[in-house]
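Okay, structure first, notes after.
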Amino acid sequence: MSDRADDPLALAEYTPGATAVLTDAERWPTMDAAGLARLQRWRRHPSAPQWVHATGDRLTADAVERVRSPLPTDGWLDAHLDTARGLLHYRRMRGLDGLRDFPPVTRADLVDDLAAFVPFDVDLERMLHGSSSGSTGAALLIPDDVEEVARGFHLLVSLAGEAGVRWRPDGERLALVNVVHQRQAFTYVSLVSSFAQRAMARVNLHGSAWASASDRSDFLRDAAPQAITGNPTSLAELLAPDLRAAARPLVLFSGAMALSAPLRADLVDAFACPVFDVYGLHETRPVAVRTDDGPFRVLDRRVLVETLDADGLPVADGEVGEITVTAGENPLLPLVRYRTGDFGRLVVLPDGATGIADLEGREHTVFVRGDGAPVPCVDLTQQLQTHGARGWSVEQDAAGGVDARIAGGDADALRRALVALLDQPLTIERVDRLGDLGEGKPRRYRSAAR
């Protein structure tokens, strides 16, 4: 672990304990002696990293009971739109009779005036806030509701159950570990009050977070988390030999970035458990999920998905459009027709449910072939995955030249595929680890060619 006093890149907000303001009794109002013992055990574990933060679910006894069940969905949309009509953002608008009468909104609207989207009558005593930088880097503090956040844990439990995974409190195993892999991160130990006060943790797998090289595998082995969540970059780090041997999760959940088919296959092979690819944003909460490489299934909860064109109009059936979400799970941020910046096609699944196909998170990039023909980025995705790439960043300059950085896969086959597909000057660099593509959410595709 680096000496932060001598680290020119150290950020004050990541100083251990610098932003903690509540007592343990305030963080966990129902915590009993067994819960306190778990908390102290993992806070003081000999192989634990230096915890940066302290946070709790703040659930009262009544709330603990409520969050174990999903919110009812009967009639939710009408009530949701009625709430939205009272928001400051819509106060001067007329004719907002149905969903499509509401003009779409974007992240920029939230950045400009977040308060205009928060109802006047909500209970702000239940508010948490989470920071989201987004793919644009525009920082946004999002108001989170304590019960909605806690209910999200039980959504994961229910998804696991639908896949045949019995996820119940099990001795002193951590209920869940959220893993990140970045130079500096908020890390903490917490309790899940509504899951028999079992412990969970947010852990940074980056080598700089640990006092010795063996600590991260020793901690993970002893913690034995039942579920592990993270983005593809952090989950790929679990394939390192020391962590692969240490972890034995019942289930893995990937989110925030696109999960490639080869990485999914490697994770399933390594841990012999279901891998859920969850699509959603901090603003909208989880929207859709899949456990294979087919379309995402829109979740049966207070969420409605449309696909819109550049003018905000619905695209034709089966056409690619911008994923636009009406989200009613978070009472502090009731969004209507929120443009996500992601693109895909709406499809009908065999059982009649709504699905999202050809989803390219944060991207709808079109490359230009040497003969001037357009090449949609989904064509690159198919080739890259076929030849074993776990992740990638592909950029095209204004003159047409292509610079590709690819994690894993068959380098020669990948080069041949990209040359055949694009017929442009190509520079390709192969890296071994997904984390070598960069921290955070590296853009998968970018093109300046016209």
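All residue names refer to the structure tokens as shown: chains lettered A, B, ... in order, residues numbered from 1 in each chain, ligands numbered from 1 in order.
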
Residues at most 7 Å from segment 119-125 of chain A, counting only C-alpha atoms, excluding those fewer than 2 positions away in the same chain, as a short mmCIF file (atom, residue, chain, number, x, y, z; two decimals) with C-alpha atoms, in the first residue's frame?
data_model
loop_
_atom_site.label_atom_id
_atom_site.label_comp_id
_atom_site.auth_asym_id
_atom_site.auth_seq_id
_atom_site.Cartn_x
_atom_site.Cartn_y
_atom_site.Cartn_z
CA LEU A 87 -42.15 18.28 -10.67
CA PHE A 117 -36.72 16.43 -10.84
CA MET A 127 -32.02 10.27 1.22
CA LEU A 332 -36.53 10.69 -5.05
#

Test item: residues at most 9 Å from Ala288 of chain A, only C-alpha atoms, excluding those fewer than 3 positions along its chain, as a short mmCIF file (atom, residue, chain, number, x, y, z; two decimals) with N, CA and C atoms, in the first residue's frame:
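Contents of around.cif, as written:
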data_model
loop_
_atom_site.label_atom_id
_atom_site.label_comp_id
_atom_site.auth_asym_id
_atom_site.auth_seq_id
_atom_site.Cartn_x
_atom_site.Cartn_y
_atom_site.Cartn_z
N ASP A 277 -25.62 -10.47 -16.56
CA ASP A 277 -25.23 -9.21 -17.19
C ASP A 277 -26.40 -8.25 -16.98
N VAL A 278 -26.23 -7.28 -16.10
CA VAL A 278 -27.32 -6.38 -15.72
C VAL A 278 -27.15 -5.05 -16.44
N TYR A 279 -28.17 -4.64 -17.18
CA TYR A 279 -28.13 -3.34 -17.85
C TYR A 279 -28.94 -2.33 -17.05
N GLY A 280 -28.34 -1.19 -16.80
CA GLY A 280 -29.02 -0.11 -16.11
C GLY A 280 -28.06 1.03 -15.88
N PHE A 296 -31.27 -8.81 -23.85
CA PHE A 296 -31.56 -8.53 -22.45
C PHE A 296 -33.07 -8.57 -22.24
N ARG A 297 -33.49 -9.12 -21.11
CA ARG A 297 -34.90 -9.16 -20.75
C ARG A 297 -35.21 -7.96 -19.85
N VAL A 298 -36.16 -7.12 -20.26
CA VAL A 298 -36.57 -5.99 -19.43
C VAL A 298 -37.20 -6.54 -18.16
N LEU A 299 -36.75 -6.04 -17.03
CA LEU A 299 -37.18 -6.56 -15.74
C LEU A 299 -38.65 -6.24 -15.47
N ASP A 300 -39.30 -7.13 -14.73
CA ASP A 300 -40.69 -6.94 -14.35
C ASP A 300 -40.73 -6.10 -13.08
N GLY A 355 -37.60 -7.44 -24.86
CA GLY A 355 -36.16 -7.61 -24.80
C GLY A 355 -35.44 -6.47 -25.49
N ILE A 356 -34.15 -6.32 -25.18
CA ILE A 356 -33.29 -5.33 -25.85
C ILE A 356 -32.18 -6.10 -26.53
#

As a compact mmCIF listing (two decimals) with N, CA and C atoms, in the first residue's frame, please: the residues near Leu174 of chain A (cut-off 12 Å, only C-alpha atoms, same-chain neighbours under 2 positions excluded).
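Everything below was put into result.txt:
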# COMPACT_ATOMS: atom_id res chain seq x y z
N GLY A 35 -24.52 -8.81 14.80
CA GLY A 35 -24.18 -7.94 13.69
C GLY A 35 -22.96 -7.09 13.98
N ARG A 38 -19.84 -9.16 13.63
CA ARG A 38 -19.44 -9.35 12.23
C ARG A 38 -18.76 -8.10 11.69
N LEU A 39 -19.36 -6.96 11.98
CA LEU A 39 -18.80 -5.71 11.49
C LEU A 39 -17.37 -5.52 11.97
N ARG A 41 -15.31 -7.80 13.05
CA ARG A 41 -14.42 -8.84 12.53
C ARG A 41 -13.84 -8.44 11.19
N TRP A 42 -14.69 -7.98 10.29
CA TRP A 42 -14.21 -7.67 8.95
C TRP A 42 -13.50 -6.33 8.88
N TRP A 167 -29.68 -18.69 -2.48
CA TRP A 167 -28.83 -17.69 -1.85
C TRP A 167 -29.51 -17.27 -0.54
N ARG A 168 -29.02 -17.83 0.54
CA ARG A 168 -29.56 -17.56 1.87
C ARG A 168 -28.38 -17.26 2.80
N PRO A 169 -28.62 -16.59 3.93
CA PRO A 169 -27.51 -16.39 4.87
C PRO A 169 -26.83 -17.72 5.19
N ASP A 170 -25.51 -17.72 5.14
CA ASP A 170 -24.75 -18.96 5.29
C ASP A 170 -23.58 -18.71 6.23
N GLY A 171 -23.78 -19.05 7.50
CA GLY A 171 -22.71 -18.88 8.48
C GLY A 171 -22.19 -17.44 8.48
N GLU A 172 -20.87 -17.33 8.44
CA GLU A 172 -20.25 -16.01 8.45
C GLU A 172 -19.71 -15.60 7.07
N LEU A 176 -22.22 -10.48 0.14
CA LEU A 176 -21.89 -9.92 -1.17
C LEU A 176 -20.60 -9.13 -1.05
N VAL A 177 -19.80 -9.19 -2.10
CA VAL A 177 -18.65 -8.30 -2.24
C VAL A 177 -18.75 -7.60 -3.58
N ASN A 178 -18.71 -6.29 -3.55
CA ASN A 178 -18.64 -5.49 -4.77
C ASN A 178 -17.17 -5.17 -5.03
N VAL A 189 -16.81 -1.84 4.78
CA VAL A 189 -17.56 -3.00 5.24
C VAL A 189 -18.93 -2.50 5.71
N SER A 190 -19.96 -3.27 5.43
CA SER A 190 -21.30 -2.89 5.87
C SER A 190 -22.06 -4.14 6.29
N LEU A 191 -23.28 -3.91 6.77
CA LEU A 191 -24.19 -5.00 7.11
C LEU A 191 -25.43 -4.88 6.24
N VAL A 192 -25.99 -6.02 5.84
CA VAL A 192 -27.26 -6.05 5.12
C VAL A 192 -28.33 -6.39 6.16
N PHE A 195 -30.90 -9.05 5.51
CA PHE A 195 -30.39 -10.38 5.15
C PHE A 195 -29.70 -10.95 6.38
N ALA A 196 -30.46 -10.98 7.48
CA ALA A 196 -29.99 -11.52 8.77
C ALA A 196 -28.70 -10.85 9.23
N GLN A 197 -28.58 -9.56 8.91
CA GLN A 197 -27.43 -8.76 9.34
C GLN A 197 -26.10 -9.42 8.96
N ARG A 198 -26.08 -10.02 7.77
CA ARG A 198 -24.81 -10.55 7.28
C ARG A 198 -23.99 -9.40 6.71
N ALA A 199 -22.68 -9.58 6.73
CA ALA A 199 -21.77 -8.53 6.28
C ALA A 199 -21.63 -8.54 4.77
N MET A 200 -21.28 -7.38 4.20
CA MET A 200 -20.91 -7.24 2.81
C MET A 200 -19.76 -6.24 2.76
N ALA A 201 -19.11 -6.12 1.63
CA ALA A 201 -17.98 -5.20 1.54
C ALA A 201 -17.82 -4.70 0.11
N ARG A 202 -17.24 -3.54 0.01
CA ARG A 202 -16.77 -3.02 -1.30
C ARG A 202 -15.25 -3.04 -1.24
N PHE A 219 -7.88 -12.45 2.07
CA PHE A 219 -9.15 -11.85 2.51
C PHE A 219 -10.33 -12.46 1.77
N LEU A 220 -10.20 -12.59 0.45
CA LEU A 220 -11.31 -13.13 -0.33
C LEU A 220 -11.59 -14.58 0.03
N ARG A 221 -10.55 -15.34 0.30
CA ARG A 221 -10.74 -16.74 0.67
C ARG A 221 -11.49 -16.84 2.01
N ASP A 222 -11.10 -16.03 2.98
CA ASP A 222 -11.74 -16.08 4.29
C ASP A 222 -13.15 -15.51 4.24
N ALA A 223 -13.35 -14.46 3.46
CA ALA A 223 -14.68 -13.84 3.35
C ALA A 223 -15.66 -14.76 2.63
N ALA A 224 -15.17 -15.53 1.64
CA ALA A 224 -15.99 -16.48 0.88
C ALA A 224 -17.33 -15.87 0.45
N PRO A 225 -17.32 -14.72 -0.25
CA PRO A 225 -18.58 -14.05 -0.58
C PRO A 225 -19.51 -14.94 -1.39
N GLN A 226 -20.79 -14.89 -1.02
CA GLN A 226 -21.79 -15.68 -1.74
C GLN A 226 -22.03 -15.11 -3.13
N ALA A 227 -21.99 -13.81 -3.25
CA ALA A 227 -22.18 -13.15 -4.55
C ALA A 227 -21.09 -12.10 -4.73
N ILE A 228 -20.66 -11.94 -5.97
CA ILE A 228 -19.67 -10.91 -6.30
C ILE A 228 -20.24 -10.07 -7.43
N ALA A 247 -11.79 -17.53 -4.61
CA ALA A 247 -13.22 -17.22 -4.62
C ALA A 247 -14.06 -18.45 -4.96
N ARG A 248 -15.22 -18.55 -4.35
CA ARG A 248 -16.17 -19.62 -4.68
C ARG A 248 -17.61 -19.06 -4.60
N PRO A 249 -17.92 -18.09 -5.43
CA PRO A 249 -19.24 -17.46 -5.37
C PRO A 249 -20.35 -18.37 -5.89
N LEU A 250 -21.56 -18.11 -5.39
CA LEU A 250 -22.75 -18.78 -5.92
C LEU A 250 -23.19 -18.15 -7.22

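Backbone DSSP of segment 214-250 of chain A yields strand (DSSP E or B) at A:Ala227, A:Ile228, A:Thr229, A:Gly230.
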
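When atom CA of Val289 of chain A is paired with atom CA of Pro232 of chain A, their separation reads 14.7 Å.
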
Using only C-alpha atoms, which residues of segment 310-373 of chain A come within 12 Å of segment 422-430 of chain A, and what is the closest atom pair for each, with the distance in Å to one decimal? Give it as JSON lines, sorted by chain and residue number.
{"residue": "A:Val366", "atom": "CA", "partner": "A:Leu422", "partner_atom": "CA", "distance": 11.0}
{"residue": "A:Phe367", "atom": "CA", "partner": "A:Leu422", "partner_atom": "CA", "distance": 7.8}
{"residue": "A:Val368", "atom": "CA", "partner": "A:Leu422", "partner_atom": "CA", "distance": 7.0}
{"residue": "A:Arg369", "atom": "CA", "partner": "A:Leu422", "partner_atom": "CA", "distance": 4.6}
{"residue": "A:Gly370", "atom": "CA", "partner": "A:Asp423", "partner_atom": "CA", "distance": 5.0}
{"residue": "A:Asp371", "atom": "CA", "partner": "A:Asp423", "partner_atom": "CA", "distance": 7.8}
{"residue": "A:Gly372", "atom": "CA", "partner": "A:Leu422", "partner_atom": "CA", "distance": 9.6}
{"residue": "A:Ala373", "atom": "CA", "partner": "A:Leu422", "partner_atom": "CA", "distance": 9.0}

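Between Pro374 of chain A and the residues A:His89, A:Arg337, A:Arg345, A:Arg450, the shortest atom-to-atom distance, using only C-alpha atoms, involves A:Arg450.
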
Hey, what's within 12 Å of Leu313 of chain A if we count only C-alpha atoms and toss same-chain stuff fewer than 3 positions away? As a count of residues only, please?
17

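Of the residues listed (A:Pro274, A:Pro376, A:Pro29, A:Pro241), A:Pro29 shows the shortest atom-to-atom separation from Val64 of chain A; distances use only C-alpha atoms.
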
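The environment of Ser194 of chain A within 10 Å, counting only C-alpha atoms and disregarding residues fewer than 6 places along the same chain, consists of Thr30, Asp57, Leu59, Thr60, Ala61, Ala63, Val64, Glu65, Arg66, Val67, Arg68, Ala150, Arg151, Phe153 and His154 of chain A.
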
Can you pull out every residue from segment 88-149 of chain A that DSSP, working from the backbone, puts in helix (DSSP H, G or I), and format the result as a PyMOL selection string?
chain A and resi 88-90+99-101+107-112+114-117+124-126+146-149

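Atom CA of Gly318 of chain A lies 6.5 Å from atom CA of Val347 of chain A.
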
Please provide the set of residues having any atom within 10 Å of Val111 of chain A, restricted to only C-alpha atoms, with same-chain residues fewer than 2 positions apart removed, written as an mmCIF file with C-alpha atoms, in the first residue's frame.
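Written file, around31.cif:
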data_model
loop_
_atom_site.group_PDB
_atom_site.id
_atom_site.type_symbol
_atom_site.label_atom_id
_atom_site.label_comp_id
_atom_site.auth_asym_id
_atom_site.auth_seq_id
_atom_site.Cartn_x
_atom_site.Cartn_y
_atom_site.Cartn_z
ATOM 1 C CA THR A 106 -31.141 13.760 -20.784
ATOM 2 C CA ARG A 107 -28.359 13.658 -18.257
ATOM 3 C CA ALA A 108 -27.618 17.296 -19.116
ATOM 4 C CA ASP A 109 -31.057 18.253 -17.769
ATOM 5 C CA ASP A 113 -31.065 21.442 -12.346
ATOM 6 C CA LEU A 114 -31.339 18.185 -10.462
ATOM 7 C CA ALA A 115 -33.723 19.649 -7.883
ATOM 8 C CA ALA A 138 -20.179 15.296 -16.201
ATOM 9 C CA ALA A 139 -20.359 14.722 -12.443
ATOM 10 C CA LEU A 140 -23.785 14.229 -10.918
ATOM 11 C CA LEU A 141 -24.855 13.601 -7.325
ATOM 12 C CA ILE A 142 -27.938 11.417 -7.492
#

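Ranking A:Thr326, A:Ser69, A:Thr291, A:Ser158 by their shortest atom-to-atom distance to Thr340 of chain A, with only C-alpha atoms included, puts A:Thr326 first.
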
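Comparing A:Thr229, A:Ala236, A:Val348, A:Leu159 by their smallest distance to Arg290 of chain A, the closest is A:Leu159 (using only C-alpha atoms).
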
Just want the 9 Å neighbourhood of Ala48 of chain A, counted on only C-alpha atoms, with same-chain residues fewer than 6 positions away dropped. Output as a PyMOL selection string.
chain A and resi 42+210-211+215-216+218-219

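Between Ala389 of chain A and the residues A:Thr354, A:Asp266, A:Phe276, A:Pro314, the shortest atom-to-atom distance, using only C-alpha atoms, involves A:Asp266.
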
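Interatomic distance, atom CA of Pro350 of chain A against atom CA of His282 of chain A: 29.1 Å.
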